[in-house]
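Report on the structure given below.
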Amino acid sequence: MKNEISIADLYKIQPIGREITISGWVRTFRSNRFIALNDGSTAANFQCVVDFEKFEDSLLKRITTGSCVRVKGIVTKSLGKGQPIELQVQTIEILGDSDAEKYPLQPKKHSLEFLREIAHLRPRTTTFGAIFRIRHHLAFAIHEYFNKNGFFYIHSPIITASDAEGAGEMFNVSVLDKRNIPLTENGEVDYSKDFFGKEANLTVSGQLEAELLAMGLGKVYTFGPTFRAENSNTARHLAEFWMIEPEMAFYELKDNMDLAEDFLKYIIKYALTHAADDLAILDQRLAEEEKSKPADQRSMPLLEKLKFVTENAFQRITYTEAIDILLQSPYHKKKKFQFPVEWGIDLQSEHERYLVEKHFNSPVIITDYPAAIKAFYMRLNDDGKTVRAMDILVPGIGEIVGGSQREERYDVLLSKIRQFGISEESLWWYLDTRRFGTCPHSGFGLGFERLVQFVTGMSNIRDVIPFPRTPGNCEF
RNA sequence: UCCUCCUUAGCUCAGUUGGUUAGAGCACCUGACUGUUAAUCAGGGGGUCCCAGGUUCAAGCCCUGGAGGGGGAGCCA
């Protein structure tokens, strides 16, 4: 291990009187005496005190915002009020200069839009440092939760040849010469000449493969990248995002809901205990932003919201009950909804918002949707018109989890596949699991970036992934 | 993809009814000061007013087209 202490450990240990060496990036250099140094290990800067009479001017001039330095000195109690300890600097080594005139980050508040354009430098800001550390803690908590609860982490393929998931437009994977594409007699692209001998795409979901693993290993989960070529331009869509998909044999819909709720509470609690400093920074940031909004549009403070979610039961209602609530609502009676409400519709954003933010003011699990608006693999209820689906909606984000009990009955599944116009030949392997030792099973998908959004309070999904991929944007 | 708003200095923004040499704060540079907390004070440099056309004696401002970005919607996680 490297024999240098991190700023995070420094604040933990507070080794007053000891000689230490630290490296980091300069945030500001005040009064030709105080370096605010950050090494990314924690949000807090560490104050390094320079006796400028003991150093060459030419060296001091190179200590600029953005430059990288290594300093050695003695830790002392701080004379100033902003920090408990500081470093009395003995030696300074400039590891990397940074021309202050050209370095885009200044010791001041920058807009998120501007920082998005310099995504290669934004990890050096307080806000993005906090976001990416929290992102790590959430990912870690997810693995920890599943590991503790007997789940196996499996890797579903990134490249798939099935286009049957029905989860949107896909990115084609091909090595064919684009200037000379082989065609069949019908004038279509001849994928038999392509790398895999058939058309291949980037995965839009690992669910079907996860089901195969669950029906052998019992409880499994995936956590990997997912790709959608939809032309979606919103604050909650990415072309490349990360998804968590647990899949459990012998779980019915209620077990699935119980798991999803327990799981979400666990990882949010984990963040509250392991990323308290970073969450406090984002809590303040959000509070500042909310100040500029009219009072009735302000959302709950971030930390309060997260505690509320971990301490209160999620509301559980069926789709049919949700429609009733909407029909009874003052919003509907005053005709404030832009889209009509009736049984059978797909709930619009405004409807979900009303239920989550106005009616319940809490996370809501909606179950038993009409079969026609949900995927083919969801288990048909005895009423013949609804399926055992469940969506978890949270304030500010909307749908964060989508899941269901899967259709385990071969005949029902086959007729659904035909009904949906999906080629049953391409899903022979999926159908096989229902022919040989089928069992009730369930699972759900959690959009990781939406979870990070919820926990950090960031309103744009492009600000919770280091290098966002969206239509027309693949920089860095 | 649709609706809507925006684009002026490195950043955040002002710019009146179309009228002389386009401004401010921060950042940067120079100097002063030196236990500061986005240090302070004085001075200085810095502009393809998003791009291409058009109207006009005159366009940052008006018109047409385009590009980029924000917010909302759809699709969804």
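Ordering of the structure tokens sets the chain letters (A, B, ...), residue numbers begin anew at 1 in every chain, and ligands are numbered from 1 in the order given.
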TODO: Any chance you could list, as a PyMOL selection string, the residues in region 277-356 of chain A that come up helix (DSSP H, G or I) when DSSP is run on the backbone?
DONE: chain A and resi 277-291+295-297+302-311+319-328+330-333+349-356
Open item on the list: Applying 9 Å and only C-alpha atoms (C1' of nucleotides), which residues near region 48-61 of chain B remain after dropping the ones on its own chain fewer than 6 positions away? List them as a PyMOL selection string.
Closed with: chain B and resi 7-8+15+18-19+22+67-68
Open item on the list: Only residues of chain B matter here; which ones have an atom within 9 Å of chain A, counting only C-alpha atoms (C1' of nucleotides)? Give them as number ranges by chain.
Closed with: B: 1, 10-12, 26-29, 33-39, 69-70, 73-77
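Take the candidates A:Pro363, A:Gly421, A:Pro123, A:Gly437 and check each one against Asn312 (chain A) using only C-alpha atoms; the shortest distance goes to A:Pro363.
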TODO: Enumerate the residues of region 221-437 of chain A with a DSSP assignment of strand (DSSP E or B), computed from the backbone, and present them as a PyMOL selection string.
DONE: chain A and resi 221-227+240-249+315-318+364-370+378+380+386-394+398-406
Open item on the list: Could you tell me how far CA of Glu86 (chain A) sits from CA of Ile7 (chain A), in Å to one decimal place?
Closed with: 10.7 Å
- [ ] Would you please work out which residue, of A:Tyr331, A:Asn473, A:Lys77, A:Leu87, is nearest to Glu19 (chain A) when using only C-alpha atoms?
- [x] A:Leu87
- [ ] Have a look at A:Asp432, A:Asp39, A:Asp194, A:Asp324 and name the one nearest to Leu414 (chain A); count only C-alpha atoms.
- [x] A:Asp432
- [ ] For Asn201 (chain A), list every protein, DNA or RNA residue within 7 Å, evaluated using only C-alpha atoms (C1' of nucleotides), and leave out those in the same chain fewer than 4 positions away; present the list as a ChimeraX atom specification.
- [x] /A:159-161,170-173
